[in-house]
Amino acid sequence: MADTSELNTFDEFVRHWAEERGDRLAMREEDRFFTYAELEERTARVATALLAKGLKKGDRIAWIGKNSDIYYTLFYGAARAGIVMVPVGWRLAPPEWAYIINDTKAKILFLGVGFESAPASMEGMLQHVEQVMTDPEARAMIENTARARFDPSAPDDAVLQLYTSGTTGNPKGAVLSNRNLFALRKHSNAAGLAYTKWDDDEVVLVAMPCAHIGGTGLGIMAVAAGLPAYILAEFTPDGFFDSVETGGVTRLFIVPAALHILLQHPRCATVDFTRLKYILYGAAPIPLELLRQCIQMFKCGFIQNYGMTETTGTICMLPPEDHDPNGNPRMRSAGKPLPGVEIKVVDASGNEAPTGEVGEVWTRSSNNMVGYWNLPEATEKTLTNDGWVKTGDAGYMDEDGYLYIHDRVKDLIISGGENVYPAEVESAIYGHPDVLEVAVIGVPDAKWGEAVKAVCAPKPGATIDPDSIIAWARERIAPFKVPKSIDIIDALPRNPSGKILRKDLRAPYWEGYDRQVN
């Protein structure tokens with residue numbers, strides 16, 4: 001196989017594999033199969049069609065839908081011409097969709113199957129969209145376009161914009177370039193790590209939502225390796241089992257909550273998992289008992305991934321050899337930085353903390369985002385002048401270079417792999433007629449890692465009905481952000497400057513846990 005270490009853009013990779021292995025499978029969803037030659041042709045047509053519609057390098061297009069071969073075809077085609085794809089979380093509420101689409105100034109909105117009515121739910125909210133295209137219309141656009149020459153995007157051109165919820169309410173668009181998505185591979189390949197090496201017969205499962213780096217990122221990994229991506233519209237146990245039995249899937253990314261769901265499924269014990277090589281998991285450490293059950297059932301290597309949208313996903317891995325079913329101290333860690341990634345822990349004064357001392361985790365690599373879309377102040381707070389991303393996670397490094405995440409500086413709650421920021425949920429609840437003040441915290445949950453809990457103080461003379469709070473929130477935010485439980489107290493604890501002491505609210509629920517990240 002030809003050397004791909006110098007390739008850094010979608011255009012380069014797609015053309016390379018079309019020449020190198022044009023008849024090999026590139027992408028599969030349900031009964032639709034596309035070779036690398038077909039992927040090259042179709043994505044060239046996408047680039048041509050978008051440019052013919054008046055879009056230019058740096059413009060945005062948006063997608064509302066589940067994972068789909070048409071989403072990846074549109075994304076790769078747009079990226080080849082430097083047009084930026086913005087996948088919007090399909091589980092969000094219509095006002096949240098509208099905010100993101102307006103923020104991008106996207107001129108075209110593409111809709112996946114089942115989301116044809118999305119524009120009607122945003123009636124009067126969209127400010128810049130000039131054209132809406134459904135799944136059949138997008139496919140027809142590709143079929144009816146004759147490819148023409150276009151100027152390909154450069155390594156540092158933006159190609160993907162993923163929205164990450166902000167602690168101050170509105171989500172921020174993390175802008176990612178070709179280089180962010182591809183450059184780190186070179187270091188891993190050079191290091192010769194077995195679990196970052198791909199064999200020629202591998203198949204990658206894409207099952208996590210495409211609005212997350214853990215979804216779209218797996219599709220990108222397949223293109224970088226010249227291997228097939230087996231696409232599931234969304235994660236389901238049967239979809240996963242079929243992908244292994246009939247699709248030959250060898251590796252995937254999944255959240256621990258989904259692993260738990262698989263093990264409970266009656267079909268799980270009957271599936272032949274011998275082709276599975278690695279299960280990558282993230283968003284939460286894996287409980288030891290769950291790991292034991294998974295190793296026994298799936299008989300493959302387990303890799304914990306640590307990263308964030310702003311770092312284009314994984315920057316740290318806990319390799320299979322550190323996953324001991326009998327338990328060991330390293331199982332609590334996020335692993336070691338990938339080759340080419342720098343990580344340091346910084347104290348409150350901005351100095352590097354000594355080994356074993358907790359501080360904020362900072363990272364620097366080619367994976368670090370270009371910045372937040374149209375938010376120079378937020379970018380400045382997160383990205384230093386010399387290229388470090390401040391992760392907002394509190395942690396420490398041990399003497400062997402393993403990173404341990406201790407807590408979350410930014411109060412982020414991760415429930416079933418979905419990011420939930422307290423400020424968003426609090427904002428949704430604040431208008432309730434009986435609520436004077438509210439704080440939202442994450443509490444341990446055996447299935448989802450963390451569950452969202454709202455702690456509310458009533459207005460004078462009012463009585464709070466917990467069910468009423470949950471129903472109120474459900475109308476305003478995505479279901480996964482809605483509190484699972486409500487606590488009612490007379491007043492929220494605050495420090496002398498008036499800041500709510502979330503740690504005091506969390507403490508009783510995390511007693512007996514060695515860290516406040518489940």
# chains A, B, ... in the order shown; residues from 1 in each chain; ligands from 1
>>> residues_around(residues="segment 287-304 of chain A", least_positions_apart="4", cutoff="10 Å", atoms="only C-alpha atoms", output="short mmCIF file (atom, residue, chain, number, x, y, z; two decimals) with all heavy atoms, in the first residue's frame")
data_model
loop_
_atom_site.label_atom_id
_atom_site.label_comp_id
_atom_site.auth_asym_id
_atom_site.auth_seq_id
_atom_site.Cartn_x
_atom_site.Cartn_y
_atom_site.Cartn_z
N TYR A 195 -2.39 -0.71 18.34
CA TYR A 195 -3.82 -0.35 18.35
C TYR A 195 -4.13 0.90 17.53
O TYR A 195 -5.29 1.26 17.36
CB TYR A 195 -4.35 -0.21 19.78
CG TYR A 195 -3.52 0.68 20.68
CD1 TYR A 195 -3.75 2.04 20.76
CD2 TYR A 195 -2.51 0.14 21.46
CE1 TYR A 195 -3.00 2.84 21.59
CE2 TYR A 195 -1.74 0.93 22.30
CZ TYR A 195 -2.00 2.28 22.36
OH TYR A 195 -1.24 3.08 23.18
N THR A 250 -14.72 -4.54 12.58
CA THR A 250 -13.58 -4.92 13.42
C THR A 250 -13.31 -3.95 14.55
O THR A 250 -12.67 -4.29 15.53
CB THR A 250 -12.29 -5.01 12.57
OG1 THR A 250 -12.06 -3.73 11.96
CG2 THR A 250 -12.40 -6.09 11.51
N ARG A 251 -13.76 -2.69 14.41
CA ARG A 251 -13.57 -1.74 15.52
C ARG A 251 -14.65 -0.67 15.47
O ARG A 251 -15.23 -0.39 14.43
CB ARG A 251 -12.17 -1.15 15.54
CG ARG A 251 -11.79 -0.22 14.45
CD ARG A 251 -10.39 0.36 14.71
NE ARG A 251 -9.31 -0.53 14.29
CZ ARG A 251 -8.04 -0.39 14.65
NH1 ARG A 251 -7.67 0.60 15.42
NH2 ARG A 251 -7.11 -1.24 14.22
N PHE A 253 -16.39 2.89 18.03
CA PHE A 253 -16.37 3.74 19.22
C PHE A 253 -17.76 3.70 19.84
O PHE A 253 -18.77 3.74 19.14
CB PHE A 253 -16.01 5.18 18.86
CG PHE A 253 -16.06 6.11 20.05
CD1 PHE A 253 -14.99 6.19 20.92
CD2 PHE A 253 -17.19 6.87 20.31
CE1 PHE A 253 -15.04 7.03 22.03
CE2 PHE A 253 -17.25 7.71 21.41
CZ PHE A 253 -16.18 7.79 22.28
N ILE A 254 -17.80 3.64 21.18
CA ILE A 254 -19.07 3.48 21.87
C ILE A 254 -18.94 4.09 23.26
O ILE A 254 -17.83 4.28 23.76
CB ILE A 254 -19.43 1.96 21.96
CG1 ILE A 254 -20.90 1.72 22.23
CG2 ILE A 254 -18.53 1.24 22.95
CD1 ILE A 254 -21.31 0.25 22.01
N VAL A 255 -20.05 4.44 23.87
CA VAL A 255 -20.00 4.94 25.25
C VAL A 255 -20.33 3.78 26.19
O VAL A 255 -21.05 2.85 25.82
CB VAL A 255 -20.98 6.12 25.46
CG1 VAL A 255 -20.56 7.31 24.60
CG2 VAL A 255 -22.42 5.74 25.17
N PRO A 256 -19.79 3.79 27.42
CA PRO A 256 -20.02 2.67 28.35
C PRO A 256 -21.50 2.34 28.56
O PRO A 256 -21.86 1.17 28.69
CB PRO A 256 -19.35 3.15 29.64
CG PRO A 256 -18.23 4.02 29.17
CD PRO A 256 -18.79 4.75 27.97
N ALA A 257 -22.36 3.36 28.56
CA ALA A 257 -23.79 3.10 28.74
C ALA A 257 -24.33 2.20 27.64
O ALA A 257 -25.18 1.33 27.88
CB ALA A 257 -24.57 4.42 28.77
N LEU A 259 -22.54 -0.03 25.95
CA LEU A 259 -22.01 -1.38 26.19
C LEU A 259 -22.90 -2.13 27.18
O LEU A 259 -23.18 -3.32 27.01
CB LEU A 259 -20.58 -1.30 26.75
CG LEU A 259 -19.48 -0.94 25.75
CD1 LEU A 259 -18.18 -0.63 26.49
CD2 LEU A 259 -19.26 -2.08 24.75
N HIS A 260 -23.34 -1.41 28.19
CA HIS A 260 -24.23 -2.00 29.19
C HIS A 260 -25.52 -2.48 28.52
O HIS A 260 -26.01 -3.59 28.80
CB HIS A 260 -24.54 -0.96 30.28
CG HIS A 260 -25.40 -1.47 31.38
ND1 HIS A 260 -24.93 -2.32 32.36
CD2 HIS A 260 -26.71 -1.28 31.65
CE1 HIS A 260 -25.92 -2.61 33.19
NE2 HIS A 260 -27.00 -1.99 32.79
N LEU A 262 -25.91 -3.38 25.38
CA LEU A 262 -25.62 -4.56 24.56
C LEU A 262 -25.62 -5.83 25.40
O LEU A 262 -26.18 -6.86 25.00
CB LEU A 262 -24.27 -4.40 23.87
CG LEU A 262 -24.16 -3.36 22.75
CD1 LEU A 262 -22.72 -3.26 22.27
CD2 LEU A 262 -25.09 -3.71 21.59
N LEU A 263 -24.96 -5.77 26.55
CA LEU A 263 -24.83 -6.97 27.38
C LEU A 263 -26.19 -7.47 27.88
O LEU A 263 -26.36 -8.66 28.12
CB LEU A 263 -23.92 -6.69 28.58
CG LEU A 263 -22.43 -6.52 28.27
CD1 LEU A 263 -21.67 -6.16 29.54
CD2 LEU A 263 -21.84 -7.78 27.64
N CYS A 268 -27.14 -10.97 22.44
CA CYS A 268 -25.71 -10.74 22.58
C CYS A 268 -24.91 -12.04 22.72
O CYS A 268 -23.86 -12.20 22.11
CB CYS A 268 -25.45 -9.82 23.77
SG CYS A 268 -23.77 -9.14 23.82
N ALA A 269 -25.43 -12.97 23.50
CA ALA A 269 -24.69 -14.21 23.79
C ALA A 269 -24.59 -15.13 22.58
O ALA A 269 -23.78 -16.06 22.57
CB ALA A 269 -25.36 -14.94 24.94
N VAL A 271 -24.03 -14.03 19.30
CA VAL A 271 -23.31 -13.42 18.17
C VAL A 271 -21.84 -13.86 18.18
O VAL A 271 -21.22 -13.97 19.23
CB VAL A 271 -23.41 -11.87 18.24
CG1 VAL A 271 -22.58 -11.23 17.14
CG2 VAL A 271 -24.87 -11.44 18.14
N ASP A 272 -21.31 -14.10 16.99
CA ASP A 272 -19.89 -14.45 16.84
C ASP A 272 -19.08 -13.14 16.74
O ASP A 272 -19.15 -12.43 15.73
CB ASP A 272 -19.71 -15.29 15.57
CG ASP A 272 -18.24 -15.66 15.33
OD1 ASP A 272 -17.39 -15.30 16.16
OD2 ASP A 272 -17.96 -16.30 14.29
N PHE A 273 -18.31 -12.83 17.77
CA PHE A 273 -17.56 -11.58 17.82
C PHE A 273 -16.08 -11.75 17.44
O PHE A 273 -15.27 -10.88 17.72
CB PHE A 273 -17.64 -10.96 19.23
CG PHE A 273 -19.02 -10.50 19.61
CD1 PHE A 273 -19.72 -11.13 20.63
CD2 PHE A 273 -19.61 -9.43 18.96
CE1 PHE A 273 -20.99 -10.70 21.00
CE2 PHE A 273 -20.88 -8.99 19.32
CZ PHE A 273 -21.56 -9.63 20.34
N THR A 274 -15.74 -12.86 16.79
CA THR A 274 -14.31 -13.15 16.58
C THR A 274 -13.62 -12.11 15.69
O THR A 274 -12.40 -11.94 15.79
CB THR A 274 -14.11 -14.55 15.97
OG1 THR A 274 -14.97 -14.69 14.84
CG2 THR A 274 -14.44 -15.64 16.97
N ARG A 275 -14.37 -11.40 14.83
CA ARG A 275 -13.72 -10.39 13.97
C ARG A 275 -13.44 -9.09 14.72
O ARG A 275 -12.63 -8.27 14.25
CB ARG A 275 -14.57 -10.10 12.73
CG ARG A 275 -14.14 -10.93 11.53
CD ARG A 275 -14.84 -10.52 10.25
NE ARG A 275 -14.56 -9.16 9.83
CZ ARG A 275 -13.47 -8.77 9.16
NH1 ARG A 275 -12.51 -9.65 8.88
NH2 ARG A 275 -13.32 -7.52 8.80
N LEU A 276 -14.09 -8.87 15.85
CA LEU A 276 -13.86 -7.63 16.60
C LEU A 276 -12.43 -7.58 17.11
O LEU A 276 -11.97 -8.50 17.79
CB LEU A 276 -14.81 -7.54 17.79
CG LEU A 276 -16.16 -6.85 17.61
CD1 LEU A 276 -16.85 -6.74 18.96
CD2 LEU A 276 -16.02 -5.47 16.98
N LYS A 277 -11.72 -6.49 16.80
CA LYS A 277 -10.34 -6.32 17.29
C LYS A 277 -10.28 -5.36 18.47
O LYS A 277 -9.63 -5.63 19.47
CB LYS A 277 -9.44 -5.82 16.15
CG LYS A 277 -9.25 -6.85 15.06
CD LYS A 277 -8.29 -6.38 13.98
CE LYS A 277 -8.09 -7.49 12.95
NZ LYS A 277 -7.25 -7.06 11.85
N TYR A 278 -10.93 -4.21 18.30
CA TYR A 278 -10.87 -3.19 19.35
C TYR A 278 -12.22 -2.52 19.54
O TYR A 278 -12.90 -2.20 18.55
CB TYR A 278 -9.85 -2.10 19.00
CG TYR A 278 -8.43 -2.61 18.90
CD1 TYR A 278 -7.77 -2.66 17.67
CD2 TYR A 278 -7.73 -3.02 20.04
CE1 TYR A 278 -6.47 -3.12 17.58
CE2 TYR A 278 -6.43 -3.49 19.95
CZ TYR A 278 -5.80 -3.53 18.72
OH TYR A 278 -4.51 -3.98 18.64
N ILE A 279 -12.58 -2.33 20.79
CA ILE A 279 -13.70 -1.46 21.13
C ILE A 279 -13.11 -0.22 21.79
O ILE A 279 -12.46 -0.31 22.84
CB ILE A 279 -14.71 -2.16 22.06
CG1 ILE A 279 -15.45 -3.27 21.28
CG2 ILE A 279 -15.72 -1.15 22.62
CD1 ILE A 279 -16.46 -4.05 22.11
N LEU A 280 -13.31 0.92 21.13
CA LEU A 280 -12.88 2.20 21.69
C LEU A 280 -14.07 2.78 22.45
O LEU A 280 -15.20 2.75 21.94
CB LEU A 280 -12.46 3.16 20.58
CG LEU A 280 -11.17 2.87 19.80
CD1 LEU A 280 -11.28 1.62 18.96
CD2 LEU A 280 -10.82 4.04 18.90
N TYR A 281 -13.84 3.28 23.63
CA TYR A 281 -14.94 3.87 24.39
C TYR A 281 -14.47 5.16 25.01
O TYR A 281 -13.27 5.42 25.18
CB TYR A 281 -15.46 2.90 25.46
CG TYR A 281 -14.50 2.66 26.60
CD1 TYR A 281 -14.58 3.41 27.77
CD2 TYR A 281 -13.50 1.69 26.51
CE1 TYR A 281 -13.68 3.20 28.81
CE2 TYR A 281 -12.61 1.48 27.53
CZ TYR A 281 -12.70 2.25 28.69
OH TYR A 281 -11.82 2.06 29.71
N GLY A 282 -15.42 6.01 25.34
CA GLY A 282 -15.07 7.30 25.91
C GLY A 282 -16.27 7.97 26.52
O GLY A 282 -17.35 7.37 26.63
N ALA A 283 -16.09 9.23 26.92
CA ALA A 283 -17.09 10.06 27.58
C ALA A 283 -17.22 9.71 29.05
O ALA A 283 -17.77 10.48 29.83
CB ALA A 283 -18.46 9.98 26.90
N THR A 314 -9.95 12.40 20.20
CA THR A 314 -8.99 11.72 21.08
C THR A 314 -7.60 12.34 21.08
O THR A 314 -6.99 12.54 20.03
CB THR A 314 -8.87 10.24 20.67
OG1 THR A 314 -10.17 9.67 20.68
CG2 THR A 314 -7.98 9.47 21.62
N CYS A 316 -5.74 11.28 24.12
CA CYS A 316 -5.17 10.43 25.17
C CYS A 316 -5.83 9.06 25.05
O CYS A 316 -7.04 8.97 24.83
CB CYS A 316 -5.53 11.05 26.52
SG CYS A 316 -4.21 11.01 27.72
N MET A 317 -5.05 7.99 25.20
CA MET A 317 -5.62 6.63 25.12
C MET A 317 -5.09 5.77 26.25
O MET A 317 -3.90 5.80 26.55
CB MET A 317 -5.23 5.97 23.79
CG MET A 317 -6.14 6.27 22.63
SD MET A 317 -5.66 5.27 21.19
CE MET A 317 -7.01 5.62 20.07
N LEU A 318 -5.99 5.01 26.84
CA LEU A 318 -5.61 3.95 27.78
C LEU A 318 -5.63 2.65 26.99
O LEU A 318 -6.69 2.18 26.59
CB LEU A 318 -6.57 3.88 28.97
CG LEU A 318 -6.19 2.88 30.06
CD1 LEU A 318 -4.96 3.35 30.82
CD2 LEU A 318 -7.35 2.64 31.02
N PRO A 319 -4.46 2.06 26.71
CA PRO A 319 -4.39 0.94 25.77
C PRO A 319 -4.91 -0.36 26.37
O PRO A 319 -5.11 -0.47 27.58
CB PRO A 319 -2.90 0.85 25.45
CG PRO A 319 -2.21 1.40 26.65
CD PRO A 319 -3.13 2.46 27.20
N PRO A 320 -5.12 -1.37 25.51
CA PRO A 320 -5.66 -2.64 25.98
C PRO A 320 -4.86 -3.26 27.12
O PRO A 320 -5.43 -3.84 28.04
CB PRO A 320 -5.61 -3.53 24.73
CG PRO A 320 -5.67 -2.58 23.59
CD PRO A 320 -4.94 -1.36 24.04
N GLU A 321 -3.52 -3.16 27.06
CA GLU A 321 -2.70 -3.82 28.08
C GLU A 321 -2.91 -3.24 29.47
O GLU A 321 -2.55 -3.87 30.47
CB GLU A 321 -1.22 -3.77 27.69
CG GLU A 321 -0.66 -2.39 27.45
CD GLU A 321 -0.70 -1.98 25.99
OE1 GLU A 321 -1.58 -2.48 25.24
OE2 GLU A 321 0.13 -1.13 25.60
N ASP A 322 -3.48 -2.04 29.56
CA ASP A 322 -3.76 -1.45 30.88
C ASP A 322 -5.18 -1.74 31.37
O ASP A 322 -5.58 -1.27 32.43
CB ASP A 322 -3.53 0.06 30.85
CG ASP A 322 -2.05 0.42 30.81
OD1 ASP A 322 -1.26 -0.26 31.50
OD2 ASP A 322 -1.67 1.35 30.07
N HIS A 323 -5.93 -2.49 30.57
CA HIS A 323 -7.29 -2.87 30.96
C HIS A 323 -7.24 -4.26 31.61
O HIS A 323 -7.31 -5.27 30.93
CB HIS A 323 -8.23 -2.88 29.76
CG HIS A 323 -8.67 -1.52 29.32
ND1 HIS A 323 -7.82 -0.65 28.67
CD2 HIS A 323 -9.86 -0.88 29.45
CE1 HIS A 323 -8.50 0.47 28.41
NE2 HIS A 323 -9.72 0.36 28.88
N ASP A 324 -7.11 -4.27 32.91
CA ASP A 324 -6.99 -5.52 33.66
C ASP A 324 -8.35 -5.85 34.28
O ASP A 324 -8.87 -5.08 35.08
CB ASP A 324 -5.94 -5.34 34.76
CG ASP A 324 -5.69 -6.61 35.54
OD1 ASP A 324 -6.45 -7.59 35.35
OD2 ASP A 324 -4.75 -6.63 36.35
N PRO A 325 -8.95 -7.00 33.90
CA PRO A 325 -10.26 -7.34 34.48
C PRO A 325 -10.20 -7.54 35.99
O PRO A 325 -11.24 -7.51 36.66
CB PRO A 325 -10.64 -8.65 33.75
CG PRO A 325 -9.39 -9.15 33.13
CD PRO A 325 -8.50 -7.98 32.90
N ASN A 326 -9.01 -7.72 36.54
CA ASN A 326 -8.88 -7.82 38.00
C ASN A 326 -8.75 -6.45 38.66
O ASN A 326 -8.73 -6.34 39.88
CB ASN A 326 -7.67 -8.68 38.37
CG ASN A 326 -7.80 -10.09 37.82
OD1 ASN A 326 -8.84 -10.71 37.99
ND2 ASN A 326 -6.77 -10.57 37.14
N GLY A 327 -8.62 -5.42 37.82
CA GLY A 327 -8.50 -4.07 38.36
C GLY A 327 -7.05 -3.68 38.58
O GLY A 327 -6.21 -4.51 38.93
N ASN A 328 -6.73 -2.44 38.30
CA ASN A 328 -5.42 -1.89 38.62
C ASN A 328 -5.55 -0.37 38.69
O ASN A 328 -6.53 0.18 38.21
CB ASN A 328 -4.36 -2.32 37.59
CG ASN A 328 -4.61 -1.75 36.21
OD1 ASN A 328 -5.01 -0.61 36.05
ND2 ASN A 328 -4.39 -2.57 35.18
N MET A 331 -6.51 1.77 35.60
CA MET A 331 -7.88 1.73 35.08
C MET A 331 -8.64 3.02 35.39
O MET A 331 -9.62 3.35 34.73
CB MET A 331 -8.63 0.54 35.68
CG MET A 331 -8.24 -0.79 35.09
SD MET A 331 -9.08 -1.09 33.53
CE MET A 331 -10.78 -1.09 34.07
N ARG A 332 -8.20 3.75 36.39
CA ARG A 332 -8.85 5.01 36.73
C ARG A 332 -8.34 6.16 35.88
O ARG A 332 -8.85 7.28 35.95
CB ARG A 332 -8.63 5.35 38.21
CG ARG A 332 -9.42 4.49 39.18
CD ARG A 332 -9.16 4.91 40.63
NE ARG A 332 -9.34 6.34 40.80
CZ ARG A 332 -8.35 7.20 41.08
NH1 ARG A 332 -7.10 6.77 41.20
NH2 ARG A 332 -8.60 8.48 41.23
N SER A 333 -7.31 5.92 35.09
CA SER A 333 -6.70 6.99 34.31
C SER A 333 -7.35 7.08 32.93
O SER A 333 -8.06 6.19 32.49
CB SER A 333 -5.20 6.76 34.16
OG SER A 333 -4.93 5.84 33.11
N ALA A 334 -7.03 8.19 32.23
CA ALA A 334 -7.46 8.37 30.85
C ALA A 334 -6.38 7.89 29.88
O ALA A 334 -6.51 8.02 28.68
CB ALA A 334 -7.79 9.83 30.59
N GLY A 335 -5.28 7.36 30.45
CA GLY A 335 -4.20 6.84 29.62
C GLY A 335 -3.09 7.86 29.39
O GLY A 335 -2.93 8.81 30.15
N ALA A 446 -25.98 4.42 37.48
CA ALA A 446 -25.36 3.14 37.12
C ALA A 446 -25.41 2.88 35.62
O ALA A 446 -24.50 2.27 35.05
CB ALA A 446 -26.06 2.00 37.87
N GLY A 449 -23.86 6.73 33.62
CA GLY A 449 -22.64 7.39 34.12
C GLY A 449 -23.00 8.53 35.05
O GLY A 449 -22.63 8.55 36.22
N ASN A 518 -18.09 10.00 36.97
CA ASN A 518 -18.44 8.58 37.07
C ASN A 518 -18.08 7.86 35.79
O ASN A 518 -18.81 7.93 34.84
CB ASN A 518 -19.94 8.44 37.35
CG ASN A 518 -20.29 7.03 37.76
OD1 ASN A 518 -19.42 6.22 38.05
ND2 ASN A 518 -21.57 6.72 37.78
#
>>> closest_atom_pairs(of="segment 106-164 of chain A", to="segment 208-225 of chain A", cutoff="10 Å", atoms="only C-alpha atoms", output="Markdown table")
| residue | atom | partner | partner_atom | distance |
| --- | --- | --- | --- | --- |
| A:Leu160 | CA | A:Thr216 | CA | 9.5 |
| A:Gln161 | CA | A:Ala211 | CA | 9.1 |
| A:Leu162 | CA | A:Ala211 | CA | 6.4 |
| A:Tyr163 | CA | A:Ala211 | CA | 7.6 |
| A:Thr164 | CA | A:His212 | CA | 8.7 |
>>> closest_residue(among="A:Ala428, A:Val249, A:Ile142, A:Ala207", to="Phe235 of chain A", atoms="only C-alpha atoms")
A:Ala207
>>> closest_atom_pairs(of="segment 67-166 of chain A", to="segment 2-22 of chain A", cutoff="12 Å", atoms="only C-alpha atoms", output="Markdown table")
| residue | atom | partner | partner_atom | distance |
| --- | --- | --- | --- | --- |
| A:Tyr72 | CA | A:Phe10 | CA | 11.7 |
| A:Thr73 | CA | A:Val14 | CA | 11.0 |
| A:Phe75 | CA | A:Phe10 | CA | 9.7 |
| A:Tyr76 | CA | A:Phe10 | CA | 6.5 |
| A:Gly77 | CA | A:Asp11 | CA | 8.3 |
| A:Ala78 | CA | A:Phe10 | CA | 9.4 |
| A:Ala79 | CA | A:Phe10 | CA | 6.4 |
| A:Arg80 | CA | A:Asp11 | CA | 4.6 |
| A:Ala81 | CA | A:Asp11 | CA | 7.9 |
| A:Gly82 | CA | A:Phe10 | CA | 9.4 |
| A:Ile83 | CA | A:Phe10 | CA | 11.6 |
| A:Phe150 | CA | A:Asp11 | CA | 10.6 |
| A:Asp151 | CA | A:Asp11 | CA | 9.8 |
| A:Pro152 | CA | A:Asp11 | CA | 6.3 |
| A:Ser153 | CA | A:Thr9 | CA | 7.2 |
| A:Ala154 | CA | A:Thr9 | CA | 6.7 |
| A:Pro155 | CA | A:Thr9 | CA | 5.5 |
| A:Asp156 | CA | A:Thr9 | CA | 8.8 |
| A:Asp157 | CA | A:Thr9 | CA | 9.1 |
| A:Ala158 | CA | A:Thr9 | CA | 10.4 |
| A:Val159 | CA | A:Phe10 | CA | 9.0 |
| A:Leu160 | CA | A:Phe10 | CA | 11.2 |
>>> closest_residue(among="A:Tyr99, A:Ala62, A:Met122, A:Tyr230", to="Arg32 of chain A", atoms="only C-alpha atoms")
A:Tyr230
>>> closest_residue(among="A:Val346, A:Ala138, A:Leu403, A:Val203", to="Pro329 of chain A", atoms="only C-alpha atoms")
A:Leu403
>>> select_by_dssp(residues="segment 256-412 of chain A", states="alpha helix (DSSP H)", output="ChimeraX atom specification")
/A:256-264,288-298,376-382
>>> write_last_selection(atoms="N, CA and C atoms", output="CSV table (one decimal), in the first residue's frame")
chain,number,residue,atom,x,y,z
A,256,PRO,N,-19.8,3.8,27.4
A,256,PRO,CA,-20.0,2.7,28.3
A,256,PRO,C,-21.5,2.3,28.6
A,257,ALA,N,-22.4,3.4,28.6
A,257,ALA,CA,-23.8,3.1,28.7
A,257,ALA,C,-24.3,2.2,27.6
A,258,ALA,N,-23.8,2.4,26.4
A,258,ALA,CA,-24.3,1.5,25.3
A,258,ALA,C,-23.7,0.1,25.4
A,259,LEU,N,-22.5,0.0,25.9
A,259,LEU,CA,-22.0,-1.4,26.2
A,259,LEU,C,-22.9,-2.1,27.2
A,260,HIS,N,-23.3,-1.4,28.2
A,260,HIS,CA,-24.2,-2.0,29.2
A,260,HIS,C,-25.5,-2.5,28.5
A,261,ILE,N,-26.1,-1.7,27.6
A,261,ILE,CA,-27.3,-2.0,26.9
A,261,ILE,C,-27.1,-3.3,26.1
A,262,LEU,N,-25.9,-3.4,25.4
A,262,LEU,CA,-25.6,-4.6,24.6
A,262,LEU,C,-25.6,-5.8,25.4
A,263,LEU,N,-25.0,-5.8,26.5
A,263,LEU,CA,-24.8,-7.0,27.4
A,263,LEU,C,-26.2,-7.5,27.9
A,264,GLN,N,-27.1,-6.5,28.1
A,264,GLN,CA,-28.5,-6.9,28.6
A,264,GLN,C,-29.3,-7.6,27.5
A,288,LEU,N,-15.5,-1.3,36.6
A,288,LEU,CA,-14.7,-2.5,36.5
A,288,LEU,C,-15.5,-3.7,36.2
A,289,GLU,N,-16.7,-3.8,36.9
A,289,GLU,CA,-17.5,-5.0,36.6
A,289,GLU,C,-18.0,-5.0,35.2
A,290,LEU,N,-18.4,-3.9,34.7
A,290,LEU,CA,-18.8,-3.8,33.3
A,290,LEU,C,-17.7,-4.2,32.3
A,291,LEU,N,-16.5,-3.8,32.6
A,291,LEU,CA,-15.3,-4.2,31.8
A,291,LEU,C,-15.1,-5.7,31.8
A,292,ARG,N,-15.2,-6.3,33.0
A,292,ARG,CA,-15.1,-7.7,33.1
A,292,ARG,C,-16.1,-8.5,32.2
A,293,GLN,N,-17.3,-8.0,32.3
A,293,GLN,CA,-18.4,-8.7,31.5
A,293,GLN,C,-18.1,-8.5,30.0
A,294,CYS,N,-17.6,-7.3,29.6
A,294,CYS,CA,-17.4,-7.0,28.2
A,294,CYS,C,-16.2,-7.8,27.7
A,295,ILE,N,-15.1,-7.9,28.4
A,295,ILE,CA,-14.0,-8.7,28.0
A,295,ILE,C,-14.4,-10.2,27.8
A,296,GLN,N,-15.2,-10.7,28.7
A,296,GLN,CA,-15.6,-12.1,28.6
A,296,GLN,C,-16.5,-12.2,27.4
A,297,MET,N,-17.4,-11.2,27.1
A,297,MET,CA,-18.4,-11.4,26.0
A,297,MET,C,-17.7,-11.1,24.7
A,298,PHE,N,-17.0,-10.0,24.5
A,298,PHE,CA,-16.5,-9.6,23.2
A,298,PHE,C,-15.1,-10.1,22.9
A,376,PRO,N,-14.3,35.5,19.2
A,376,PRO,CA,-12.8,35.7,19.5
A,376,PRO,C,-12.5,35.7,20.9
A,377,GLU,N,-13.4,36.3,21.8
A,377,GLU,CA,-13.1,36.3,23.2
A,377,GLU,C,-13.2,34.9,23.8
A,378,ALA,N,-14.1,34.1,23.4
A,378,ALA,CA,-14.2,32.7,23.9
A,378,ALA,C,-13.0,31.9,23.4
A,379,THR,N,-12.6,32.2,22.2
A,379,THR,CA,-11.4,31.5,21.6
A,379,THR,C,-10.2,31.8,22.4
A,380,GLU,N,-10.0,33.1,22.8
A,380,GLU,CA,-8.9,33.6,23.5
A,380,GLU,C,-8.8,33.0,24.9
A,381,LYS,N,-10.0,32.7,25.5
A,381,LYS,CA,-10.1,32.1,26.8
A,381,LYS,C,-9.7,30.6,26.8
A,382,THR,N,-9.9,30.0,25.7
A,382,THR,CA,-9.6,28.5,25.6
A,382,THR,C,-8.3,28.2,24.9
